[in-house]
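Enquirer: I am attaching a structure below and will ask some questions about it afterwards.
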Amino acid sequence: MRNKQLFYGILVILALLLAACGGATQAPVEAPAVEEPAAEEPAAEEPAAEEPAAEEPAGEVVLNMGMQGKPDTLNPAYAFLTESYTVFDLIYSPLTTEAPTGEYVGGLAKEWSVSEDGLTWTFTLKDNIKWHNGEALTADQVAWAIDAVIADPDGWAAMSGYVGGFSEVTAPDDKTVQVVTESPIANMEYRLSFLYAVYPPDFEVFTTPEDLQNFTNFEAIGTGPFKINTFDKDTGVLILDANADYFDGAPKLDRVIMQTFDNADAMIQALKVGDIDLINELPASAFTTVQGYEGVSTISYPGRYFNELIINSVDPANDPAPTGNPALADPAVRLAIETAINRQDIVDIVLQGLATVGDTIVPPTLGGGFWHNPNIQRVEFNLEEASRILEEAGYVAGSDGVRTKDDMRLEFRLQFPSDNTVYPRMADMIADWFNQAGMKVNPEAVDPDALVAATTPAGDYDLVLWGWGPDPDPDFILSVMTTDQFVDGGWSDSGYHNPEYDQMYLDQQLLVDDKERQAVIWEMQEMVYSDRPYIVLYYENLLQAYRSDRFTGFVESPLGIEIGLSMINVEPVQ
Amino acid sequence: MNRRDYLLRKFGLSLVTILVVVIINFLLFRVLPGDPVRSVIGRNVRISAETQKALREQFGLDKPVFPDQFFDTLGQWARGNLGISWSLRRPVSEILISKLGNTLLLIGLGQILAIIFGVLLGLLAGWKRKTAIDVGALTFSLIAWAIPTFWLGIILLAAGSTWLGLPTGGIVSPANTGKPLHTVIPDLARHLILPTLTLTILYLGEYMLIMRSSILEVLSEDYILTAKAKGMSHWQVLRKHALKNAMLPIVTLIALNLGFTVSGAIYIETVFSYDGLGKLFQTALTKQDYPLLQGAFLLLAISVIVANMIADLLYTYLDPRIKAT
């Protein structure tokens with residue numbers, strides 16, 4: 001009978017469901033019995049999980065770090081995410097490396113010098129450098145790793161920017177590496193700090209750029225203070241063991257485990273209950289909460305990121321023609337705009353004090369403060385003054401309070417990327433100030449990709465709120481203001497075009513003498529500040545937190561407490 | 001029309017649907033604003049315009065969308081190759097398979113528990129209509145159905161990790177990373193408790209409400225009255241006459257839910273840092289990783305269509321009134 005069949009069918013389904021349910025409910029019941037060993041972090045290769053794991057300091061010293069992203073790859077040729085670079089800094093060594101003070105110190109190199117003509121750099125390697133697999137590192141291998149980038153810039157997409165102007169790298173003897181360049185290179189130490197010595201046998205086999213980039217290098221062999229034990233490409237969990245043979249001394253930690261949280265609240269909860277010991281990027285919104293946690297220390301340290309108001313500065317002759325309000329070309333309007341922005345209020349109210357007021361595109365943290373021009377006279381916030389400037393320049397308020405001059409009306413689009421929670425509040429504050437000075441702005445959140453398309457190289461905007469995370473060397477952030485960069489795929493969004501500035505940018509690249517280079521760079525900052533393609537609003541603080549009841553010895557700097565030079569100092573609290 | 005023809009026709013229609021989905025997906029992602037190369041490399045890395053150009057060529061983005069990119073993609077798929085993810089630099093099929101297992105585990109468990117408890121609760125509420133049990137179950141289900149996923153997840157996470165010492169995220173403890181899942185079942189189970197509980201609560205309400213209204217409807221039918229008049233016990237009436245008829249809407253719901261299951265519970269996977277398909281979809285979309293997006297949506301489309309097909313077929317078995325036409 002049909003109905004009978006049906007009934008048995010349902011019974012079978014229900015029985016299956018019940019069986020599956022039984023399996024499901026059983027597992028959690030089982031769990032508490034084995035909870036102890038599972039909850040701790042016993043050595044990954046130690047099968048003896050039966051003993052109740054002791055508190056960490058007694059056995060292995062393991063530091064757990066929580067991150068909000070995971071490395072995209074461990075292949076430096078094609079790594080773009082900051083998480084990858086956090087790992088590289090721990091497992092690889094470049095010839096030179098940036099110290100927490102902002103100076104460059106030796107990584108693999110013990111000492112170095114540059115020839116009179118500035119074209120040949122000679123590096124002497126430190127002694128007893130070993131790869132993680134125990135082999136000794138040779139100067140040939142270091143030279144090979146950099147030459148590979150020079151030979152295949154497309155394949156080494158993420159590193160090729162650092163070898164521009166290099167002609168060749170050689171190893172005259174077993175302890176010496178020589179870099180020969182076409183013209184003098186001012187920021188050689190900085191560039192080398194990103195040219196990691198990769199293990200040649202792993203990389204020599206690739207014949208096409210694509211093959212090289214598809215190599216994920218999850219078992220990377222380096223020479224850094226930590227070596228890879230396990231990397232789970234799917235979850236992003238990375239287990240690093242201390243490298244006892246590290247040439248600058250073995251780390252005091254036995255192991256570092258990095259794990260990824262997709263949700264910031266969960267990550268903070270993990271820090272609170274002690275599942276993790278370190279958060280290298282703490283969201284500003286959570287900072288005060290985390291400050292109140294017992295056994296946790298927070299760090300708010302001036303960092304490298306800055307946020308700016310971009311004013312459309314695109315050449316009207318540009319193709320396609322920019323659509324910016326022509327009044328923005330008037331220096332008086334630009335001055336009035338800056339005068340009508342209260343940076344201190346933005347820092348205090350929107351950022352809850354976790355930032356400092358900004359002025360130039362070179363943040364005070366680059367090079368330990370060496371590159372930032374401290375002499376810039378910042379325009380003070382004064383709404384009456386802003387009105388007066390506009391009045392004097394001939395902009396008269398109409399019946400709706402918005403000033404006009406001829407057919408130019410001071411009404412602007414104010415766009416910002418929609419993936420940021422800070423900008424909407426800033427935009428509202430700015431709209432209010434501008435309104436009081438007789439300017440109208442229409443804030444609008446825009447998809448970040450659409451915003452890239454609208455700015456570069458279309459120039460289809462008036463004002464934009466956005467931010468930058470400059471490289472340690474000022475060269476990159478200075479290049480953002482050059483005319484050449486206002487092309488498809490370029491980094492200029494303001495469309496600033498100043499031949500004098502462009503020339504100075506090229507000049508500073510050749511000045512191997514830091515003092516001379518500093519003078520040019522200070523002048524370039526002055527120039528950008530007074531032309532106002534960008535109004536730099538503030539420099540963001542770097543926010544981090546760690547379990548201070550467990551670990552001590554971190555080195556605080558704009559580079560973060562998770563860099564290699566800090567982590568080799570970290571030790572458990574006694 | 002006999003069953004074989006019916007099945008063939010269904011199957012053929014499903015194939016056509018999948019093809020349409022494929023074409024729409026291909027075009028849809030390409031009209032999104034933005035530049036995939038920029039999305040992959042981010043904003044703050046020092047990549048010259050030339051390097052970006054080289055990457056664009058490598059990805060085939062320098063060619064026109066139609067016909068070049070379109071037929072390249074179709075040709076690749078015809079050879080059973082879903083391509084290589086631009087952002088993760090691994091074969092798309094390999095990535096999808098690795099996440100599919102995790103998602104099926106989590107959602108499967110959650111759905112099964114939700115179905116069982118939801119159906120039982122619905123039956124009980126319907127049977128004991130207008131009693132305190134009914135009102136209680138109804139209130140609970142309505143609340144459970146209406147709670148925002150994200151909120152419930154984070155509350156359970158905070159409570160579970162603080163008071164019960166349950167893990168704050170992931171599938172296994174970092175120390176067990178890389179080991180085959182069946183060797184670390186207790187650890188896996190501890191990690192599954194909170195996300196499964198969240199999922200169960202969220203779906204339970206829906207099943208309960210449908211079951212309750214369905215059983216109420218059935219119980220008001222004349223044949224139930226007849227059965228009672230014949231002197232059958234409550235339990236016999238429920239088991240022999242009411243239950244199977246009341247299950248019909250639930251079967252539909254289960255089949256539909258299972259189809260969407262493969263898209264993963266994006267919110268739950270995000271709250272619990274659970275490495276599944278839902279998270280993958282999100283990453284692929286933010287990175288504008290076309291090969292990954294296309295592969296993921298193909299999988300999603302196939303699973304929804306297959307689930308619907310199963311629902312249709314089950315229906316013809318469950319309800320003799322529906323002819324296979």
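Labels used: A, B, ... for chains in the order of the structure tokens, numbers from 1 for residues in each chain, and numbers from 1 for ligands as shown.
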So which residues touch region 537-546 of chain A within 6 Å, counting only C-alpha atoms, skipping near sequence neighbours fewer than 5 positions away, as a ChimeraX atom specification?

Expert: /A:277-282,296-303,305-308,343,354-358

Enquirer: Find the spatial neighbours of Asp315 (chain A), counting only C-alpha atoms, within a cut-off of 8 Å - ignore same-chain residues fewer than 3 positions away - and output them as an MDAnalysis selection string.

Expert: chainID A and resid 318 322 495:497

Enquirer: Between B:Leu243, B:Ile116, B:Leu253, B:Phe281, single out the one closest to Ile95 (chain B), counting only C-alpha atoms.

Expert: B:Phe281

Enquirer: Could you find all residues in region 10-221 of chain B that DSSP calls alpha helix (DSSP H) from the backbone, and write them as a PyMOL selection string?

Expert: chain B and resi 10-31+36-41+49-58+70-78+92-127+132-146+149-163+185-219

Enquirer: Find the residue from A:Thr96, A:Ser492, A:Asn375, A:Thr360 that sits nearest to chain B; use only C-alpha atoms when measuring.

Expert: A:Ser492

Enquirer: Smallest atom-to-atom distance to chain B: which of A:Gly66, A:Gly118, A:Gly134, A:Gly489, using only C-alpha atoms?

Expert: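 Closest to chain B of all the choices is A:Gly489.
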
Enquirer: What's the separation between CA of Thr17 (chain B) and CA of Ala265 (chain B), in Å to one decimal place?

Expert: 23.9 Å

Enquirer: Which neighbours of Glu94 (chain B) fall inside 12 Å, counting only C-alpha atoms, when residues of the same chain fewer than 3 positions from it are skipped, and could you give them as a count of residues only?

Expert: 19

Enquirer: Determine the nearest neighbour of chain B from the options A:Val87, A:Leu451, A:Ala139, A:Leu478, counting only C-alpha atoms.

Expert: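 That would be A:Leu451, the residue with the smallest distance to chain B.
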
Enquirer: Give one line per residue of region 172-287 of chain A that approaches region 499-517 of chain A to at most 12 Å, naming the two atoms of the closest pair and their distance in Å to one decimal, counting only C-alpha atoms; sort by chain then ascending residue number and deliver it as a tab-separated table.

Expert:
residue	atom	partner	partner_atom	distance
A:Thr181	CA	A:Leu510	CA	11.1
A:Glu182	CA	A:Leu510	CA	10.6
A:Ser183	CA	A:Leu510	CA	7.0
A:Pro184	CA	A:Leu510	CA	5.0
A:Ile185	CA	A:Leu510	CA	5.2
A:Ala186	CA	A:Val512	CA	4.1
A:Asn187	CA	A:Gln509	CA	7.2
A:Met188	CA	A:Val512	CA	8.5
A:Glu189	CA	A:Val512	CA	10.5
A:Arg191	CA	A:Gln509	CA	11.9

Enquirer: My list of candidates is A:Leu465, A:Val379, A:Ala99, A:Ala157. Which is closest to chain B when distances are computed with only C-alpha atoms?

Expert: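 Checking each of A:Leu465, A:Val379, A:Ala99, A:Ala157 against chain B, counting only C-alpha atoms, the winner is A:Ala157.
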
Enquirer: Closest to Asn176 (chain B) among B:Tyr317, B:His191, B:Val65, B:Tyr203, using only C-alpha atoms?

Expert: B:His191

Enquirer: Residues of region 195-332 of chain A classed as strand (DSSP E or B) by DSSP on the backbone are to be reported as a PyMOL selection string.

Expert: chain A and resi 226-231+238-242+255-260+278-279+296-311

Enquirer: So which residues touch region 121-132 of chain B within 9 Å, counting only C-alpha atoms, skipping near sequence neighbours fewer than 4 positions away, as a PyMOL selection string?

Expert: chain B and resi 116-117+136-138+204-205+207-216+219+238+243

Enquirer: Within 12 Å of region 104-107 of chain B, counting only C-alpha atoms, which residues show up once you throw out same-chain ones fewer than 2 positions away? Write them as number ranges by chain, please.

Expert: A: 20, 23-24; B: 96-102, 109-115, 170-171, 181, 188-189, 191-200, 202-203, 257-266, 268-269, 272, 274-278, 303

Enquirer: Convert the current residue selection to file output with N, CA and C atoms, as a compact mmCIF listing (two decimals), in the first residue's frame.

Expert:
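Listing of part-v2.txt after writing:
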# COMPACT_ATOMS: atom_id res chain seq x y z
N ALA A 20 21.62 10.69 13.58
CA ALA A 20 22.58 11.78 13.37
C ALA A 20 22.58 12.70 14.58
N GLY A 23 24.52 11.27 17.39
CA GLY A 23 25.94 11.51 17.18
C GLY A 23 26.30 12.92 17.56
N ALA A 24 25.40 13.82 17.22
CA ALA A 24 25.70 15.23 17.46
C ALA A 24 25.70 15.56 18.93
N LEU B 96 37.05 25.34 -2.68
CA LEU B 96 35.63 25.09 -2.42
C LEU B 96 35.44 23.78 -1.65
N ILE B 97 36.17 22.76 -2.05
CA ILE B 97 35.99 21.46 -1.39
C ILE B 97 36.41 21.55 0.07
N SER B 98 37.53 22.25 0.32
CA SER B 98 38.00 22.30 1.70
C SER B 98 37.01 23.02 2.60
N LYS B 99 36.30 24.00 2.06
CA LYS B 99 35.35 24.75 2.90
C LYS B 99 34.00 24.04 2.97
N LEU B 100 33.67 23.32 1.91
CA LEU B 100 32.35 22.69 1.84
C LEU B 100 32.15 21.72 3.01
N GLY B 101 33.16 20.91 3.29
CA GLY B 101 33.05 19.95 4.38
C GLY B 101 32.74 20.64 5.69
N ASN B 102 33.49 21.69 5.99
CA ASN B 102 33.29 22.42 7.25
C ASN B 102 31.88 22.98 7.35
N LEU B 109 24.59 19.81 11.26
CA LEU B 109 24.28 19.59 12.68
C LEU B 109 23.18 20.53 13.15
N GLY B 110 23.37 21.80 12.85
CA GLY B 110 22.41 22.81 13.30
C GLY B 110 21.02 22.55 12.74
N GLN B 111 20.96 22.21 11.45
CA GLN B 111 19.67 21.98 10.82
C GLN B 111 18.98 20.76 11.41
N ILE B 112 19.76 19.69 11.58
CA ILE B 112 19.16 18.46 12.10
C ILE B 112 18.57 18.70 13.49
N LEU B 113 19.36 19.35 14.34
CA LEU B 113 18.86 19.63 15.69
C LEU B 113 17.64 20.54 15.62
N ALA B 114 17.70 21.55 14.74
CA ALA B 114 16.58 22.49 14.64
C ALA B 114 15.34 21.77 14.14
N ILE B 115 15.52 20.86 13.18
CA ILE B 115 14.37 20.13 12.64
C ILE B 115 13.75 19.28 13.74
N GLY B 170 37.12 29.51 15.61
CA GLY B 170 37.88 28.51 14.90
C GLY B 170 37.17 27.17 14.90
N ILE B 171 37.82 26.20 14.27
CA ILE B 171 37.24 24.86 14.18
C ILE B 171 37.89 23.93 15.17
N LEU B 181 40.67 15.99 10.99
CA LEU B 181 39.60 16.33 11.94
C LEU B 181 39.17 15.13 12.78
N LEU B 188 37.13 19.39 18.37
CA LEU B 188 36.21 19.85 17.33
C LEU B 188 34.82 20.07 17.92
N ALA B 189 34.40 19.12 18.75
CA ALA B 189 33.07 19.21 19.34
C ALA B 189 32.94 20.46 20.22
N HIS B 191 34.46 23.19 19.84
CA HIS B 191 34.38 24.36 18.97
C HIS B 191 33.03 24.46 18.26
N LEU B 192 32.36 23.31 18.13
CA LEU B 192 31.10 23.33 17.39
C LEU B 192 29.91 23.70 18.28
N ILE B 193 30.07 23.56 19.60
CA ILE B 193 28.91 23.75 20.48
C ILE B 193 28.22 25.09 20.26
N LEU B 194 28.98 26.17 20.39
CA LEU B 194 28.34 27.49 20.33
C LEU B 194 27.76 27.82 18.95
N PRO B 195 28.52 27.64 17.87
CA PRO B 195 27.90 27.94 16.57
C PRO B 195 26.69 27.06 16.27
N THR B 196 26.76 25.78 16.66
CA THR B 196 25.63 24.89 16.39
C THR B 196 24.42 25.33 17.19
N LEU B 197 24.66 25.69 18.45
CA LEU B 197 23.56 26.14 19.30
C LEU B 197 22.90 27.38 18.70
N THR B 198 23.72 28.31 18.24
CA THR B 198 23.18 29.53 17.64
C THR B 198 22.30 29.18 16.44
N LEU B 199 22.85 28.32 15.59
CA LEU B 199 22.13 27.95 14.38
C LEU B 199 20.83 27.23 14.72
N THR B 200 20.89 26.34 15.69
CA THR B 200 19.71 25.58 16.08
C THR B 200 18.61 26.52 16.56
N LEU B 202 18.20 29.61 15.92
CA LEU B 202 17.70 30.48 14.86
C LEU B 202 16.72 29.76 13.92
N TYR B 203 16.98 28.48 13.63
CA TYR B 203 16.13 27.77 12.68
C TYR B 203 14.95 27.08 13.36
N ASN B 257 15.74 24.94 2.74
CA ASN B 257 16.80 25.38 3.66
C ASN B 257 18.12 24.69 3.36
N LEU B 258 18.05 23.39 3.04
CA LEU B 258 19.30 22.68 2.75
C LEU B 258 19.98 23.27 1.53
N GLY B 259 19.20 23.70 0.57
CA GLY B 259 19.78 24.30 -0.62
C GLY B 259 20.59 25.55 -0.27
N PHE B 260 19.98 26.36 0.55
CA PHE B 260 20.67 27.60 0.91
C PHE B 260 21.77 27.37 1.94
N THR B 261 21.71 26.20 2.55
CA THR B 261 22.72 25.84 3.53
C THR B 261 24.13 25.95 2.98
N VAL B 262 24.27 25.58 1.71
CA VAL B 262 25.60 25.55 1.14
C VAL B 262 26.19 26.95 1.04
N SER B 263 25.32 27.94 0.97
CA SER B 263 25.87 29.30 0.95
C SER B 263 26.47 29.63 2.31
N GLY B 264 26.26 28.75 3.27
CA GLY B 264 26.87 28.95 4.57
C GLY B 264 26.13 30.00 5.35
N ALA B 265 26.30 29.96 6.62
CA ALA B 265 25.68 30.97 7.45
C ALA B 265 26.74 32.05 7.62
N ILE B 266 26.71 33.04 6.75
CA ILE B 266 27.79 34.03 6.73
C ILE B 266 27.97 34.67 8.11
N ILE B 268 27.07 33.61 11.14
CA ILE B 268 27.57 32.71 12.19
C ILE B 268 29.03 32.39 11.95
N GLU B 269 29.38 32.15 10.70
CA GLU B 269 30.77 31.84 10.41
C GLU B 269 31.67 33.02 10.74
N PHE B 272 31.99 33.36 14.73
CA PHE B 272 32.79 32.32 15.34
C PHE B 272 34.06 32.01 14.55
N TYR B 274 34.57 30.82 11.82
CA TYR B 274 34.46 29.45 11.35
C TYR B 274 34.78 29.41 9.86
N ASP B 275 35.72 28.57 9.52
CA ASP B 275 36.26 28.58 8.17
C ASP B 275 35.37 27.82 7.20
N GLY B 276 34.31 28.47 6.71
CA GLY B 276 33.38 27.77 5.82
C GLY B 276 33.11 28.55 4.55
N LEU B 277 32.12 28.08 3.83
CA LEU B 277 31.82 28.67 2.53
C LEU B 277 31.29 30.10 2.63
N GLY B 278 30.48 30.35 3.66
CA GLY B 278 29.89 31.68 3.81
C GLY B 278 30.97 32.75 3.87
N SER B 303 23.52 23.66 -5.77
CA SER B 303 22.95 23.08 -4.57
C SER B 303 21.50 23.51 -4.38
